[in-house]
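K.L.:
Next up, target_38.txt (compact mmCIF, C-alpha atoms).
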# COMPACT_ATOMS: atom_id res chain seq x y z
CA MET A 1 0.00 0.00 0.00
CA ARG A 2 1.06 3.58 -0.52
CA PHE A 3 0.53 6.65 1.64
CA ASP A 4 1.32 10.06 0.18
CA VAL A 5 1.79 12.67 2.89
CA VAL A 6 1.17 16.32 2.09
CA THR A 7 3.19 18.27 4.65
CA LEU A 8 5.22 21.44 5.05
CA PHE A 9 7.60 19.54 7.36
CA PRO A 10 8.53 16.14 5.87
CA GLU A 11 11.66 16.09 8.03
CA LEU A 12 9.48 15.38 11.07
CA PHE A 13 8.84 11.86 9.75
CA SER A 14 12.45 10.76 9.23
CA PRO A 15 13.20 9.44 12.75
CA PHE A 16 9.90 7.58 12.89
CA LEU A 17 10.49 5.80 9.59
CA SER A 18 14.03 4.69 10.44
CA VAL A 19 13.80 3.26 13.99
CA GLY A 20 11.68 0.82 15.93
CA VAL A 21 9.89 -2.35 14.93
CA THR A 22 7.64 -0.63 12.36
CA ARG A 23 10.77 0.35 10.39
CA ARG A 24 10.56 -3.12 8.81
CA ALA A 25 7.29 -2.19 7.12
CA PHE A 26 8.78 0.94 5.58
CA ASP A 27 12.11 -0.60 4.61
CA ALA A 28 10.36 -3.46 2.84
CA LYS A 29 7.85 -1.08 1.21
CA LEU A 30 4.98 -2.99 2.77
CA VAL A 31 3.87 0.53 3.59
CA ASP A 32 5.29 2.87 0.96
CA VAL A 33 5.38 6.44 2.31
CA ARG A 34 6.09 9.41 0.05
CA PHE A 35 6.16 13.10 0.89
CA PHE A 36 4.95 16.14 -0.99
CA ASN A 37 5.51 19.71 0.18
CA PRO A 38 2.73 22.06 -1.00
CA ARG A 39 5.28 24.87 -1.14
CA ASP A 40 6.83 23.10 -4.13
CA PHE A 41 3.50 23.43 -5.92
CA ALA A 42 2.86 27.08 -5.09
CA VAL A 43 3.17 29.84 -7.68
CA GLY A 44 5.08 33.12 -7.57
CA ASN A 45 8.55 34.05 -6.45
CA TYR A 46 7.75 33.58 -2.77
CA ARG A 47 6.01 30.19 -3.11
CA ARG A 48 3.32 31.41 -0.77
CA ILE A 49 1.08 28.76 0.74
CA ASP A 50 -0.93 30.76 3.32
CA ASP A 51 -2.68 34.11 3.69
CA ARG A 52 -4.82 36.13 6.09
CA PRO A 53 -8.40 34.91 6.60
CA PHE A 54 -11.25 36.82 5.00
CA GLY A 55 -13.37 38.46 7.69
CA GLY A 56 -10.39 39.01 9.95
CA GLY A 57 -9.23 37.01 12.90
CA PRO A 58 -5.97 35.57 14.21
CA GLY A 59 -3.52 33.37 12.36
CA MET A 60 -3.14 32.36 8.76
CA VAL A 61 -5.07 29.98 6.48
CA MET A 62 -3.50 27.54 4.03
CA MET A 63 -4.43 28.52 0.47
CA ALA A 64 -6.50 26.25 -1.76
CA GLU A 65 -4.44 26.43 -4.97
CA PRO A 66 -1.11 24.95 -3.76
CA LEU A 67 -2.99 22.15 -2.01
CA ALA A 68 -5.10 21.45 -5.08
CA ASN A 69 -1.98 21.39 -7.26
CA VAL A 70 -0.23 18.85 -5.07
CA ILE A 71 -3.28 16.57 -4.86
CA GLU A 72 -3.70 16.61 -8.62
CA ALA A 73 -0.01 15.79 -9.07
CA ILE A 74 -0.21 12.88 -6.62
CA ARG A 75 -3.33 11.45 -8.23
CA ALA A 76 -1.74 11.63 -11.67
CA GLU A 77 1.32 9.77 -10.35
CA ARG A 78 -0.67 7.14 -8.45
CA GLY A 79 -3.21 6.45 -11.14
CA ASP A 80 -5.77 5.14 -8.65
CA ALA A 81 -8.70 6.45 -6.63
CA ALA A 82 -6.96 6.60 -3.24
CA PRO A 83 -8.98 8.83 -0.90
CA VAL A 84 -7.77 12.20 0.31
CA VAL A 85 -7.75 12.24 4.12
CA LEU A 86 -7.61 15.41 6.20
CA PHE A 87 -6.82 15.31 9.92
CA SER A 88 -9.40 17.57 11.53
CA PRO A 89 -11.29 18.04 14.85
CA ILE A 90 -14.57 17.36 13.04
CA GLY A 91 -13.35 14.03 11.69
CA GLN A 92 -14.27 10.50 12.71
CA ARG A 93 -12.29 9.29 15.72
CA LEU A 94 -9.42 7.01 14.70
CA ASP A 95 -9.95 3.54 16.15
CA HIS A 96 -8.84 -0.04 15.58
CA ALA A 97 -11.54 -0.79 13.05
CA MET A 98 -10.49 2.18 10.95
CA VAL A 99 -6.81 1.22 11.19
CA GLN A 100 -7.64 -2.33 10.12
CA GLY A 101 -9.51 -0.93 7.15
CA TRP A 102 -6.54 1.18 6.08
CA SER A 103 -4.17 -1.78 6.52
CA ASP A 104 -6.20 -3.75 3.98
CA SER A 105 -6.47 -0.89 1.47
CA VAL A 106 -4.36 0.61 -1.33
CA GLY A 107 -3.49 3.48 1.00
CA ALA A 108 -4.45 7.14 0.97
CA ILE A 109 -3.32 10.72 0.51
CA LEU A 110 -2.84 12.25 3.96
CA VAL A 111 -3.12 16.03 4.23
CA CYS A 112 -1.37 17.58 7.23
CA GLY A 113 -2.81 21.01 7.95
CA ARG A 114 -1.09 23.84 9.78
CA TYR A 115 -1.88 27.32 11.09
CA GLU A 116 -5.58 28.15 11.61
CA GLY A 117 -6.70 25.62 9.02
CA LEU A 118 -7.29 25.14 5.31
CA ASP A 119 -9.38 27.10 2.84
CA GLN A 120 -12.79 25.44 3.04
CA ARG A 121 -13.10 25.37 -0.74
CA PHE A 122 -10.20 22.93 -0.96
CA ILE A 123 -11.85 20.72 1.66
CA ASP A 124 -15.18 20.81 -0.16
CA HIS A 125 -13.72 19.85 -3.53
CA PHE A 126 -10.85 17.48 -2.69
CA VAL A 127 -11.16 15.89 0.76
CA ASP A 128 -12.94 12.52 0.88
CA ARG A 129 -12.61 11.78 4.58
CA GLN A 130 -11.71 13.59 7.78
CA VAL A 131 -10.08 11.86 10.75
CA SER A 132 -9.43 12.96 14.34
CA LEU A 133 -7.16 11.54 17.05
CA GLY A 134 -9.33 12.97 19.82
CA ASP A 135 -10.75 16.08 21.42
CA PHE A 136 -7.57 18.16 21.50
CA VAL A 137 -5.65 20.41 19.12
CA LEU A 138 -2.18 19.80 17.68
CA SER A 139 0.19 22.41 16.22
CA GLY A 140 0.14 20.39 13.02
CA ALA A 141 -1.31 17.13 11.77
CA GLU A 142 2.06 15.46 11.24
CA VAL A 143 1.77 13.79 14.66
CA ALA A 144 -1.64 12.43 13.69
CA ALA A 145 -0.29 11.14 10.37
CA ILE A 146 2.57 9.39 12.18
CA ALA A 147 0.09 7.76 14.56
CA LEU A 148 -1.97 6.41 11.66
CA LEU A 149 1.08 5.16 9.77
CA ASP A 150 2.48 3.44 12.84
CA ALA A 151 -0.81 1.70 13.62
CA VAL A 152 -1.16 0.51 10.01
CA ALA A 153 2.49 -0.58 9.71
CA ARG A 154 2.43 -2.88 12.75
CA LEU A 155 -0.47 -4.85 11.25
CA GLN A 156 1.52 -5.79 8.16
CA PRO A 157 2.77 -9.42 7.89
CA GLY A 158 6.30 -9.92 9.20
CA VAL A 159 6.57 -6.56 10.95
CA LEU A 160 6.12 -7.87 14.50
CA THR A 161 8.45 -10.65 15.66
CA ASP A 162 5.49 -12.70 16.88
CA ALA A 163 2.92 -12.93 14.09
CA ASP A 164 0.10 -13.28 16.64
CA SER A 165 1.17 -10.32 18.76
CA HIS A 166 -1.17 -7.70 17.35
CA ARG A 167 -4.14 -10.10 17.58
CA PHE A 168 -4.17 -9.56 21.33
CA ASP A 169 -3.85 -5.79 21.27
CA SER A 170 -6.45 -3.69 23.03
CA PHE A 171 -9.57 -3.08 20.88
CA ASN A 172 -8.81 -6.05 18.60
CA PRO A 173 -11.83 -8.22 17.72
CA SER A 174 -9.71 -11.26 18.66
CA ILE A 175 -10.28 -10.24 22.30
CA ASP A 176 -13.84 -9.03 21.68
CA GLY A 177 -12.74 -5.43 21.29
CA LEU A 178 -11.78 -5.18 24.98
CA LEU A 179 -8.66 -3.73 26.59
CA ASP A 180 -5.66 -6.01 26.94
CA CYS A 181 -5.03 -7.91 30.16
CA PRO A 182 -2.12 -7.16 32.56
CA HIS A 183 1.29 -8.64 31.73
CA TYR A 184 4.16 -9.80 33.95
CA THR A 185 7.78 -10.86 33.48
CA ARG A 186 10.78 -11.86 35.61
CA PRO A 187 11.47 -11.81 38.51
CA GLU A 188 8.57 -13.77 39.96
CA ASP A 189 8.81 -11.72 43.17
CA TRP A 190 9.53 -8.02 42.65
CA ARG A 191 9.87 -6.03 45.87
CA GLY A 192 7.39 -8.29 47.61
CA HIS A 193 4.86 -8.21 44.77
CA LYS A 194 4.38 -11.66 43.25
CA VAL A 195 3.23 -12.74 39.82
CA PRO A 196 -0.29 -14.27 39.91
CA ASP A 197 0.00 -18.00 40.58
CA VAL A 198 -2.09 -18.94 37.55
CA LEU A 199 0.57 -17.55 35.20
CA LEU A 200 3.13 -19.89 36.74
CA SER A 201 0.87 -22.95 36.74
CA GLY A 202 1.66 -24.19 33.25
CA ASN A 203 -2.07 -24.77 32.71
CA HIS A 204 -2.73 -23.05 29.40
CA ALA A 205 -6.50 -23.28 29.68
CA SER A 206 -6.42 -21.65 33.12
CA VAL A 207 -4.08 -18.94 31.86
CA GLU A 208 -6.33 -18.20 28.90
CA ARG A 209 -9.40 -18.04 31.15
CA TRP A 210 -7.59 -15.73 33.60
CA ARG A 211 -6.51 -13.40 30.80
CA LYS A 212 -10.04 -13.13 29.43
CA GLU A 213 -11.39 -12.40 32.92
CA GLN A 214 -8.73 -9.76 33.50
CA SER A 215 -9.38 -8.19 30.11
CA LEU A 216 -13.05 -7.85 31.01
CA ARG A 217 -12.22 -6.46 34.46
CA VAL A 218 -9.79 -3.86 33.11
CA THR A 219 -12.26 -2.78 30.43
CA GLU A 220 -15.10 -2.48 32.92
CA LEU A 221 -12.93 -0.37 35.20
CA HIS A 222 -11.38 1.95 32.61
CA ARG A 223 -13.56 1.82 29.48
CA PRO A 224 -17.04 0.54 30.36
CA ASP A 225 -18.30 2.11 27.12
CA LEU A 226 -16.62 -0.77 25.24
CA LEU A 227 -18.72 -3.41 26.99
CA GLY A 228 -21.77 -4.91 25.30
CA ALA A 229 -24.40 -7.49 26.13
CA GLU A 230 -22.15 -10.25 24.79
CA HIS A 231 -19.91 -9.79 27.84
CA SER A 232 -22.60 -10.58 30.39
CA ARG A 233 -25.16 -13.29 31.09
CA ASP A 234 -28.88 -12.62 30.68
CA GLY A 235 -28.10 -9.17 29.27
CA LEU A 236 -26.74 -7.87 32.59
CA HIS A 237 -23.73 -5.58 32.86
CA PRO A 238 -20.88 -7.45 34.65
CA THR A 239 -21.11 -5.14 37.70
CA GLU A 240 -24.85 -5.75 38.04
CA GLU A 241 -24.30 -9.48 37.63
CA ARG A 242 -21.78 -9.67 40.46
CA THR A 243 -23.98 -7.53 42.71
CA ARG A 244 -26.96 -9.83 42.24
CA THR A 245 -24.82 -12.91 42.79
CA SER A 246 -23.43 -11.54 46.05
CA LYS A 247 -26.93 -10.86 47.34
CA ALA A 248 -28.19 -14.35 46.55
What does the file become when written as structure tokens?
P.N.:
Amino acid sequence: MRFDVVTLFPELFSPFLSVGVTRRAFDAKLVDVRFFNPRDFAVGNYRRIDDRPFGGGPGMVMMAEPLANVIEAIRAERGDAAPVVLFSPIGQRLDHAMVQGWSDSVGAILVCGRYEGLDQRFIDHFVDRQVSLGDFVLSGAEVAAIALLDAVARLQPGVLTDADSHRFDSFNPSIDGLLDCPHYTRPEDWRGHKVPDVLLSGNHASVERWRKEQSLRVTELHRPDLLGAEHSRDGLHPTEERTRTSKA
């Protein structure tokens, strides 16, 4: 798959693409990432890419023409119908399902905005989808683009040392979309705190059952919004179920 990143600061991506486990995906071109600076597609001696907003107000707005030029150039080079994605506060929240969808796609054109935003006319005519990392504001969307690329890269075959590793990530359907369970490693006794006995038992069925129970407990405690009826008996929320059992 191929991701074309439209950014004024392509240098921000260099460390991310060259270190860590996801580097394998980029080195092998499992995820082909290319960069396009809209300033290279601007006109005039000053290669201007932003201007003051009509109606007044603080900050600058990225101009439509340089952005349109770069998108048209990328589409001509790609020769496919890859969607144009803008990182924006009004976008759909990035989640595992969306990442999985991107990992199985041809890729996309990622637009990293800066300043006060982009000329709305460019958004109306070129942007196919808007994505948000959450309810906060970044200085630029490069961080959001890196987050998306990292999440997609680690799902590619051969990127993680253990092929099954990502199947047990938080939010993965393999664990019913719940949060991951707690993990422990050596020593068995760390400053008086011992590893749960079940993890040392060698009983794989018991370990699997314990992990599922812990995953449900952690999700109920920290992200109860992720729980559905499938995680309880008779349609009861796990907390309600335990309360009724204790009163019986």
K.L.:
With distances taken over all atoms listed in the file, which of A:His125, A:Arg114, A:Arg48, A:Arg191 is nearest to Ile71 of chain A?
P.N.:
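Under the stated criterion, the closest residue is A:His125.
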K.L.:
Smallest atom-to-atom distance to Val131 of chain A: which of A:Thr219, A:Ser18, A:Gln92, A:Ser103, using all atoms listed in the file?
P.N.:
A:Gln92
K.L.:
Between atom CA of Val21 of chain A and atom CA of Val33 of chain A, measure the distance and give it in Å to one decimal.
P.N.:
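Atom CA of Val21 of chain A sits 16.0 Å away from atom CA of Val33 of chain A.
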K.L.:
For Leu200 of chain A, find every residue with an atom within 12 Å (counting only C-alpha atoms), except residues of its own chain fewer than 2 positions away, and show them as a PyMOL selection string.
P.N.:
chain A and resi 184-189+194-198+202-204+206-207+210
K.L.:
Can I get the selected residues back with C-alpha atoms, as a short mmCIF file (atom, residue, chain, number, x, y, z; two decimals), in the frame of the given file?
P.N.:
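The result, stored in again.cif:
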data_model
loop_
_atom_site.label_atom_id
_atom_site.label_comp_id
_atom_site.auth_asym_id
_atom_site.auth_seq_id
_atom_site.Cartn_x
_atom_site.Cartn_y
_atom_site.Cartn_z
CA TYR A 184 4.16 -9.80 33.95
CA THR A 185 7.78 -10.86 33.48
CA ARG A 186 10.78 -11.86 35.61
CA PRO A 187 11.47 -11.81 38.51
CA GLU A 188 8.57 -13.77 39.96
CA ASP A 189 8.81 -11.72 43.17
CA LYS A 194 4.38 -11.66 43.25
CA VAL A 195 3.23 -12.74 39.82
CA PRO A 196 -0.29 -14.27 39.91
CA ASP A 197 0.00 -18.00 40.58
CA VAL A 198 -2.09 -18.94 37.55
CA GLY A 202 1.66 -24.19 33.25
CA ASN A 203 -2.07 -24.77 32.71
CA HIS A 204 -2.73 -23.05 29.40
CA SER A 206 -6.42 -21.65 33.12
CA VAL A 207 -4.08 -18.94 31.86
CA TRP A 210 -7.59 -15.73 33.60
#
K.L.:
When you draw a straight line from atom CA of Val143 of chain A to atom CA of Cys112 of chain A, how long is it in Å?
P.N.:
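Here the two named atoms are 8.9 Å from each other.
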